[in-house]
file my_file_29.cif (mmCIF, C-alpha atoms)
data_model
#
loop_
_atom_site.label_atom_id
_atom_site.label_comp_id
_atom_site.auth_asym_id
_atom_site.auth_seq_id
_atom_site.Cartn_x
_atom_site.Cartn_y
_atom_site.Cartn_z
CA MET A 1407 18.19 -125.72 70.21
CA LYS A 1408 14.71 -126.42 68.86
CA LEU A 1409 12.28 -123.48 68.73
CA VAL A 1410 8.71 -124.05 69.92
CA LEU A 1411 6.05 -121.40 69.30
CA ALA A 1412 3.48 -121.47 72.11
CA SER A 1413 0.67 -120.03 69.98
CA LYS A 1414 -2.13 -121.18 67.72
CA SER A 1415 -1.95 -117.93 65.73
CA PRO A 1416 -1.39 -118.56 62.02
CA ARG A 1417 0.03 -115.03 61.76
CA ARG A 1418 2.71 -115.74 64.36
CA ARG A 1419 3.60 -118.99 62.60
CA GLU A 1420 3.91 -117.13 59.31
CA ILE A 1421 6.13 -114.41 60.80
CA LEU A 1422 8.45 -116.88 62.54
CA GLY A 1423 8.52 -118.93 59.33
CA MET A 1424 10.01 -115.92 57.54
CA VAL A 1425 13.29 -116.36 59.46
CA THR A 1426 13.33 -120.12 60.12
CA LYS A 1427 11.49 -123.24 59.04
CA ASP A 1428 12.96 -125.18 61.97
CA PHE A 1429 10.29 -124.73 64.64
CA SER A 1430 7.23 -126.50 65.94
CA VAL A 1431 3.99 -125.30 67.49
CA ARG A 1432 2.80 -126.36 70.93
CA VAL A 1433 -0.31 -124.48 72.01
CA SER A 1434 -0.43 -123.41 75.62
CA ASP A 1435 -3.52 -123.67 77.81
CA ALA A 1436 -2.44 -120.78 80.03
CA ASP A 1437 -4.86 -118.76 82.10
CA GLU A 1438 -5.30 -115.45 80.24
CA SER A 1439 -7.06 -113.57 83.03
CA TYR A 1440 -5.43 -110.69 84.86
CA GLY A 1441 -6.27 -108.47 87.79
CA GLU A 1442 -7.82 -105.05 87.21
CA SER A 1443 -4.90 -103.46 89.04
CA THR A 1444 -2.45 -104.80 86.44
CA PRO A 1445 -1.07 -101.87 84.41
CA LEU A 1446 -2.34 -102.12 80.81
CA ALA A 1447 1.17 -102.04 79.36
CA GLU A 1448 2.11 -105.05 81.53
CA VAL A 1449 -0.82 -107.28 80.53
CA PRO A 1450 0.64 -108.65 77.26
CA ARG A 1451 4.05 -109.37 78.86
CA LEU A 1452 2.35 -111.15 81.76
CA LEU A 1453 0.19 -113.23 79.40
CA ALA A 1454 3.15 -114.07 77.13
CA GLN A 1455 5.10 -115.23 80.17
CA ARG A 1456 2.18 -117.37 81.35
CA LYS A 1457 1.85 -118.94 77.89
CA ALA A 1458 5.56 -119.76 77.76
CA GLU A 1459 5.58 -121.14 81.30
CA ALA A 1460 2.43 -123.24 80.77
CA THR A 1461 3.91 -124.90 77.68
CA PRO A 1462 5.70 -128.18 78.37
CA ILE A 1463 9.42 -127.91 77.63
CA PHE A 1464 11.91 -130.64 76.83
CA GLU A 1465 15.69 -130.66 76.70
CA ASN A 1466 17.26 -128.34 74.12
CA GLU A 1467 14.02 -126.46 73.47
CA VAL A 1468 13.29 -122.76 73.41
CA ILE A 1469 9.67 -121.82 74.10
CA ILE A 1470 8.38 -118.58 72.55
CA GLY A 1471 5.24 -117.10 74.12
CA CYS A 1472 3.54 -113.99 72.79
CA ASP A 1473 0.40 -111.96 73.40
CA THR A 1474 -0.74 -108.81 71.60
CA VAL A 1475 -3.23 -106.13 72.62
CA VAL A 1476 -4.32 -102.74 71.38
CA VAL A 1477 -4.51 -99.89 73.89
CA TYR A 1478 -6.33 -96.64 73.28
CA ASP A 1479 -7.41 -93.99 75.76
CA GLY A 1480 -7.10 -96.30 78.77
CA GLU A 1481 -8.94 -99.22 77.16
CA LEU A 1482 -7.23 -102.52 76.53
CA MET A 1483 -8.66 -103.96 73.33
CA GLY A 1484 -8.06 -107.65 72.98
CA LYS A 1485 -10.08 -109.78 70.60
CA PRO A 1486 -13.64 -108.51 70.13
CA LYS A 1487 -16.49 -110.59 71.54
CA ASP A 1488 -18.51 -110.35 68.34
CA LYS A 1489 -19.05 -108.21 65.23
CA ALA A 1490 -20.78 -105.45 67.18
CA ASP A 1491 -17.78 -105.23 69.53
CA ALA A 1492 -15.44 -105.15 66.51
CA ILE A 1493 -17.42 -102.22 65.06
CA ARG A 1494 -17.25 -100.44 68.41
CA MET A 1495 -13.47 -100.90 68.60
CA LEU A 1496 -12.79 -99.72 65.06
CA THR A 1497 -15.06 -96.72 65.58
CA ARG A 1498 -13.00 -95.75 68.65
CA LEU A 1499 -9.73 -96.18 66.75
CA SER A 1500 -10.89 -94.14 63.74
CA GLY A 1501 -8.82 -90.97 63.32
CA THR A 1502 -6.61 -91.74 66.34
CA THR A 1503 -3.16 -93.01 67.25
CA HIS A 1504 -3.22 -96.13 69.37
CA GLU A 1505 -0.64 -98.47 70.84
CA VAL A 1506 -0.15 -102.07 69.81
CA ILE A 1507 1.69 -103.83 72.63
CA SER A 1508 3.05 -107.33 72.35
CA GLY A 1509 4.41 -109.23 75.27
CA LEU A 1510 7.17 -111.65 74.41
CA CYS A 1511 8.67 -114.42 76.55
CA VAL A 1512 11.53 -116.66 75.50
CA ARG A 1513 12.45 -119.48 77.86
CA THR A 1514 14.63 -122.54 78.13
CA ASN A 1515 15.02 -124.95 81.04
CA GLU A 1516 17.74 -122.66 82.41
CA LYS A 1517 16.49 -119.12 81.82
CA SER A 1518 13.57 -116.93 80.87
CA CYS A 1519 13.47 -113.48 79.31
CA SER A 1520 10.30 -111.45 78.89
CA CYS A 1521 9.58 -107.94 77.63
CA SER A 1522 7.00 -105.77 75.91
CA VAL A 1523 7.26 -104.08 72.52
CA THR A 1524 5.09 -101.09 71.60
CA THR A 1525 4.24 -99.84 68.13
CA TYR A 1526 2.16 -96.71 67.51
CA VAL A 1527 -0.44 -96.87 64.75
CA LYS A 1528 -2.39 -93.89 63.42
CA PHE A 1529 -5.68 -94.59 61.65
CA ARG A 1530 -7.21 -92.12 59.23
CA GLU A 1531 -10.84 -91.14 59.77
CA LEU A 1532 -13.01 -94.12 58.83
CA THR A 1533 -16.58 -94.00 57.64
CA ARG A 1534 -19.21 -96.16 59.27
CA ASN A 1535 -19.63 -97.93 55.92
CA GLU A 1536 -15.89 -98.77 55.71
CA ILE A 1537 -15.92 -100.16 59.24
CA GLU A 1538 -19.05 -102.28 58.68
CA ASN A 1539 -17.79 -103.56 55.32
CA TYR A 1540 -14.45 -104.53 56.83
CA VAL A 1541 -16.03 -106.31 59.79
CA ASN A 1542 -18.59 -108.12 57.62
CA THR A 1543 -16.00 -109.15 55.03
CA TYR A 1544 -13.08 -110.14 57.29
CA ASN A 1545 -14.88 -110.94 60.57
CA PRO A 1546 -11.87 -109.84 62.67
CA VAL A 1547 -13.03 -111.34 65.96
CA ASP A 1548 -9.74 -113.25 66.27
CA LYS A 1549 -7.59 -110.10 66.15
CA ALA A 1550 -6.60 -107.67 68.89
CA GLY A 1551 -8.26 -104.31 68.27
CA ALA A 1552 -10.52 -105.91 65.63
CA TYR A 1553 -8.18 -105.44 62.70
CA GLY A 1554 -5.41 -107.11 60.76
CA ILE A 1555 -2.91 -104.63 59.36
CA GLN A 1556 -1.73 -107.31 56.92
CA GLU A 1557 -5.24 -107.45 55.41
CA SER A 1558 -7.25 -104.67 53.84
CA ALA A 1559 -7.22 -102.83 57.20
CA GLY A 1560 -3.76 -101.73 56.11
CA ALA A 1561 -5.67 -99.13 54.08
CA PHE A 1562 -6.82 -97.59 57.40
CA VAL A 1563 -3.23 -96.92 58.51
CA GLU A 1564 -1.97 -93.41 57.95
CA LYS A 1565 1.27 -93.83 59.91
CA ILE A 1566 3.13 -96.48 61.87
CA ASP A 1567 5.96 -95.91 64.33
CA GLY A 1568 7.69 -99.12 65.38
CA ASP A 1569 7.91 -102.76 64.35
CA PHE A 1570 5.32 -103.61 61.67
CA TYR A 1571 5.40 -107.30 62.60
CA ASN A 1572 4.57 -106.38 66.18
CA VAL A 1573 1.24 -105.07 64.88
CA VAL A 1574 0.69 -108.34 63.00
CA GLY A 1575 1.31 -110.24 66.24
CA LEU A 1576 4.99 -111.14 66.75
CA PRO A 1577 7.73 -108.53 67.35
CA LEU A 1578 10.21 -110.19 65.02
CA CYS A 1579 13.12 -107.80 65.49
CA LYS A 1580 13.00 -108.10 69.31
CA LEU A 1581 12.58 -111.89 69.14
CA CYS A 1582 15.66 -112.28 66.93
CA GLN A 1583 17.60 -109.94 69.21
CA ILE A 1584 16.69 -111.92 72.35
CA LEU A 1585 17.52 -115.25 70.71
CA LYS A 1586 20.92 -113.93 69.60
CA ASP A 1587 21.88 -111.95 72.72
CA GLU A 1588 20.51 -114.28 75.40
CA LEU A 1589 20.87 -117.73 73.80
CA GLY A 1590 23.41 -117.31 71.01
CA ILE A 1591 20.88 -118.38 68.38
CA GLU A 1592 21.13 -116.49 65.08
CA LEU A 1593 18.17 -117.15 62.82
CA LEU A 1594 19.58 -115.24 59.86
#
call {"tool": "encode", "arguments": {"input": "my_file_29.cif", "output": "structure tokens"}}
result
Amino acid sequence: MKLVLASKSPRRREILGMVTKDFSVRVSDADESYGESTPLAEVPRLLAQRKAEATPIFENEVIIGCDTVVVYDGELMGKPKDKADAIRMLTRLSGTTHEVISGLCVRTNEKSCSCSVTTYVKFRELTRNEIENYVNTYNPVDKAGAYGIQESAGAFVEKIDGDFYNVVGLPLCKLCQILKDELGIELL
């Protein structure tokens, strides 16, 4: 079976590349909108499923779709619109514990399996200067919650409970488990 990552994220490519070099990338053009009545914890699973289903599949392929969001105090934080939005998000997350939820969908021509993985991240109190410097230096507008834990924003993290790679953007442990249990594919 040939793995196909349905994502343009370089972070997801890097994470998957840690366990296999035998995969390709086929970016999905899935609709990423969702209804306001959709429970926040369901949004990433729904979007991951849409990405996987919107990606063309050929014989002997396994499509991997993923979507990651940050949720804090009832707000779903996807990618910020601009630097001001990134500053707003990081200010809200300062000194708090928030959820990073990734939806994951693995599908073949015969079956599909989707789920969500949640990791809890606690930020220390951040100064306005730290937030502005981070946003101006790293311009995190392509990252859910406006930060990349694998970058210098790792210095903001006081505690993490769950899969580290989920916070980066691909719940690696769960992905390997699904591939093994559902499809008999062992990457390691």
call {"tool": "resolve_selection", "arguments": {"input": "my_file_29.cif", "expression": "the PyMOL selection byres ((chain A and resi 1481-1496) around 10)", "output": "PyMOL selection string"}}
result
chain A and resi 1446-1447+1449-1450+1473-1480+1497-1501+1505-1507+1529+1532+1534+1536-1542+1545-1553+1562
call {"tool": "resolve_selection", "arguments": {"input": "my_file_29.cif", "expression": "the PyMOL selection byres ((chain A and resi 1583) around 12)", "output": "ChimeraX atom specification"}}
result
/A:1510,1512,1519,1521,1577-1582,1584-1594
call {"tool": "atom_distance", "arguments": {"input": "my_file_29.cif", "atom1": "atom CA of Arg1451 of chain A", "atom2": "atom CA of Asn1572 of chain A"}}
result
13.0 Å
call {"tool": "atom_distance", "arguments": {"input": "my_file_29.cif", "atom1": "atom CA of Asp1567 of chain A", "atom2": "atom CA of Glu1448 of chain A"}}
result
19.9 Å
call {"tool": "residues_around", "arguments": {"input": "my_file_29.cif", "residues": "Ser1520 of chain A", "least_positions_apart": "5", "cutoff": "9 Å", "atoms": "all atoms listed in the file", "output": "PDB file with C-alpha atoms, keeping the file's coordinate frame"}}
result
ATOM      1  CA  ARG A1451       4.050-109.370  78.860  1.00  0.00           C
ATOM      2  CA  LEU A1452       2.350-111.150  81.760  1.00  0.00           C
ATOM      3  CA  ALA A1454       3.150-114.070  77.130  1.00  0.00           C
ATOM      4  CA  GLN A1455       5.100-115.230  80.170  1.00  0.00           C
ATOM      5  CA  GLY A1471       5.240-117.100  74.120  1.00  0.00           C
ATOM      6  CA  GLY A1509       4.410-109.230  75.270  1.00  0.00           C
ATOM      7  CA  LEU A1510       7.170-111.650  74.410  1.00  0.00           C
ATOM      8  CA  CYS A1511       8.670-114.420  76.550  1.00  0.00           C
ATOM      9  CA  VAL A1512      11.530-116.660  75.500  1.00  0.00           C
ATOM     10  CA  ARG A1513      12.450-119.480  77.860  1.00  0.00           C
TER      11      ARG A1513
END
call {"tool": "residues_near_point", "arguments": {"input": "my_file_29.cif", "point": "(-2.9, -102.2, 55.8)", "cutoff": "12 Å", "atoms": "only C-alpha atoms", "output": "PyMOL selection string"}}
result
chain A and resi 1527-1530+1540+1553-1566+1570-1571+1573-1574
call {"tool": "atom_distance", "arguments": {"input": "my_file_29.cif", "atom1": "atom CA of Ile1421 of chain A", "atom2": "atom CA of Val1468 of chain A"}}
result
16.7 Å
call {"tool": "resolve_selection", "arguments": {"input": "my_file_29.cif", "expression": "the PyMOL selection byres ((chain A and resi 1413-1418) around 6)", "output": "ChimeraX atom specification"}}
result
/A:1411-1412,1419-1421,1433,1575-1576
call {"tool": "write_last_selection", "arguments": {"input": "my_file_29.cif", "atoms": "C-alpha atoms", "output": "short mmCIF file (atom, residue, chain, number, x, y, z; two decimals), in the coordinates of the input"}}
result
data_model
loop_
_atom_site.label_atom_id
_atom_site.label_comp_id
_atom_site.auth_asym_id
_atom_site.auth_seq_id
_atom_site.Cartn_x
_atom_site.Cartn_y
_atom_site.Cartn_z
CA LEU A 1411 6.05 -121.40 69.30
CA ALA A 1412 3.48 -121.47 72.11
CA ARG A 1419 3.60 -118.99 62.60
CA GLU A 1420 3.91 -117.13 59.31
CA ILE A 1421 6.13 -114.41 60.80
CA VAL A 1433 -0.31 -124.48 72.01
CA GLY A 1575 1.31 -110.24 66.24
CA LEU A 1576 4.99 -111.14 66.75
#
call {"tool": "residues_around", "arguments": {"input": "my_file_29.cif", "residues": "Pro1462 of chain A", "least_positions_apart": "5", "cutoff": "9 Å", "atoms": "only C-alpha atoms", "output": "list in words"}}
result
Arg1432, Ser1434 and Ile1469 of chain A
call {"tool": "axis_aligned_box", "arguments": {"input": "my_file_29.cif", "around": "segment 1458-1463 of chain A", "padding_each_side": "5 Å", "output": "JSON"}}
result
{"center_x": 5.9, "center_y": -124.0, "center_z": 79.5, "size_x": 17.0, "size_y": 18.4, "size_z": 13.7}
call {"tool": "closest_residue", "arguments": {"input": "my_file_29.cif", "among": "A:Val1431, A:Leu1453, A:Ala1436, A:Met1424", "to": "Glu1467 of chain A", "atoms": "only C-alpha atoms"}}
result
A:Val1431
call {"tool": "closest_residue", "arguments": {"input": "my_file_29.cif", "among": "A:Thr1533, A:Asn1515, A:Val1523, A:Tyr1544", "to": "Asn1466 of chain A", "atoms": "all atoms listed in the file"}}
result
A:Asn1515
call {"tool": "closest_residue", "arguments": {"input": "my_file_29.cif", "among": "A:Glu1531, A:Glu1459, A:Glu1442, A:Asp1569", "to": "Lys1517 of chain A", "atoms": "all atoms listed in the file"}}
result
A:Glu1459
call {"tool": "build_atoms", "arguments": {"input": "my_file_29.cif", "residues": "segment 1473-1484 of chain A", "atoms": "all heavy atoms", "output": "compact mmCIF listing (two decimals), keeping the file's coordinate frame"}}
result
# COMPACT_ATOMS: atom_id res chain seq x y z
N ASP A 1473 1.78 -112.43 73.29
CA ASP A 1473 0.40 -111.96 73.40
C ASP A 1473 0.37 -110.51 72.93
O ASP A 1473 1.27 -109.74 73.24
CB ASP A 1473 -0.12 -112.06 74.83
CG ASP A 1473 -1.62 -111.89 74.89
OD1 ASP A 1473 -2.32 -112.87 74.58
OD2 ASP A 1473 -2.08 -110.78 75.20
N THR A 1474 -0.65 -110.15 72.17
CA THR A 1474 -0.74 -108.81 71.60
C THR A 1474 -2.07 -108.18 71.95
O THR A 1474 -3.12 -108.82 71.86
CB THR A 1474 -0.58 -108.87 70.06
OG1 THR A 1474 0.67 -109.48 69.75
CG2 THR A 1474 -0.61 -107.48 69.44
N VAL A 1475 -2.01 -106.90 72.34
CA VAL A 1475 -3.23 -106.13 72.62
C VAL A 1475 -3.11 -104.76 71.97
O VAL A 1475 -2.03 -104.32 71.61
CB VAL A 1475 -3.47 -105.95 74.14
CG1 VAL A 1475 -3.66 -107.30 74.83
CG2 VAL A 1475 -2.36 -105.16 74.79
N VAL A 1476 -4.25 -104.12 71.84
CA VAL A 1476 -4.32 -102.74 71.38
C VAL A 1476 -4.78 -101.91 72.58
O VAL A 1476 -5.70 -102.32 73.30
CB VAL A 1476 -5.30 -102.59 70.20
CG1 VAL A 1476 -5.58 -101.14 69.88
CG2 VAL A 1476 -4.76 -103.31 68.97
N VAL A 1477 -4.13 -100.77 72.79
CA VAL A 1477 -4.51 -99.89 73.89
C VAL A 1477 -4.79 -98.51 73.32
O VAL A 1477 -3.99 -97.95 72.57
CB VAL A 1477 -3.39 -99.79 74.96
CG1 VAL A 1477 -3.76 -98.78 76.04
CG2 VAL A 1477 -3.12 -101.16 75.57
N TYR A 1478 -5.97 -98.00 73.67
CA TYR A 1478 -6.33 -96.64 73.28
C TYR A 1478 -7.12 -95.99 74.40
O TYR A 1478 -8.09 -96.57 74.89
CB TYR A 1478 -7.15 -96.61 71.98
CG TYR A 1478 -7.65 -95.23 71.67
CD1 TYR A 1478 -6.77 -94.22 71.32
CD2 TYR A 1478 -9.00 -94.93 71.78
CE1 TYR A 1478 -7.21 -92.93 71.08
CE2 TYR A 1478 -9.45 -93.64 71.53
CZ TYR A 1478 -8.55 -92.65 71.19
OH TYR A 1478 -9.00 -91.37 70.96
N ASP A 1479 -6.70 -94.81 74.79
CA ASP A 1479 -7.41 -93.99 75.76
C ASP A 1479 -7.80 -94.79 77.01
O ASP A 1479 -8.94 -94.74 77.47
CB ASP A 1479 -8.64 -93.37 75.09
CG ASP A 1479 -9.23 -92.23 75.90
OD1 ASP A 1479 -8.48 -91.58 76.66
OD2 ASP A 1479 -10.45 -91.99 75.78
N GLY A 1480 -6.86 -95.56 77.54
CA GLY A 1480 -7.10 -96.30 78.77
C GLY A 1480 -7.88 -97.59 78.61
O GLY A 1480 -8.20 -98.24 79.60
N GLU A 1481 -8.21 -97.97 77.39
CA GLU A 1481 -8.94 -99.22 77.16
C GLU A 1481 -8.02 -100.24 76.51
O GLU A 1481 -7.38 -99.96 75.50
CB GLU A 1481 -10.15 -99.00 76.25
CG GLU A 1481 -10.91 -100.30 75.98
CD GLU A 1481 -12.06 -100.17 74.98
OE1 GLU A 1481 -12.35 -99.05 74.53
OE2 GLU A 1481 -12.66 -101.21 74.66
N LEU A 1482 -7.95 -101.41 77.11
CA LEU A 1482 -7.23 -102.52 76.53
C LEU A 1482 -8.18 -103.26 75.60
O LEU A 1482 -9.22 -103.73 76.03
CB LEU A 1482 -6.72 -103.45 77.62
CG LEU A 1482 -5.80 -104.57 77.16
CD1 LEU A 1482 -4.73 -104.81 78.19
CD2 LEU A 1482 -6.57 -105.83 76.90
N MET A 1483 -7.82 -103.31 74.32
CA MET A 1483 -8.66 -103.96 73.33
C MET A 1483 -8.00 -105.26 72.90
O MET A 1483 -7.05 -105.26 72.12
CB MET A 1483 -8.86 -103.06 72.11
CG MET A 1483 -9.58 -101.78 72.40
SD MET A 1483 -9.73 -100.80 70.88
CE MET A 1483 -10.56 -99.35 71.52
N GLY A 1484 -8.51 -106.34 73.42
CA GLY A 1484 -8.06 -107.65 72.98
C GLY A 1484 -8.88 -108.05 71.76
O GLY A 1484 -9.24 -107.21 70.93
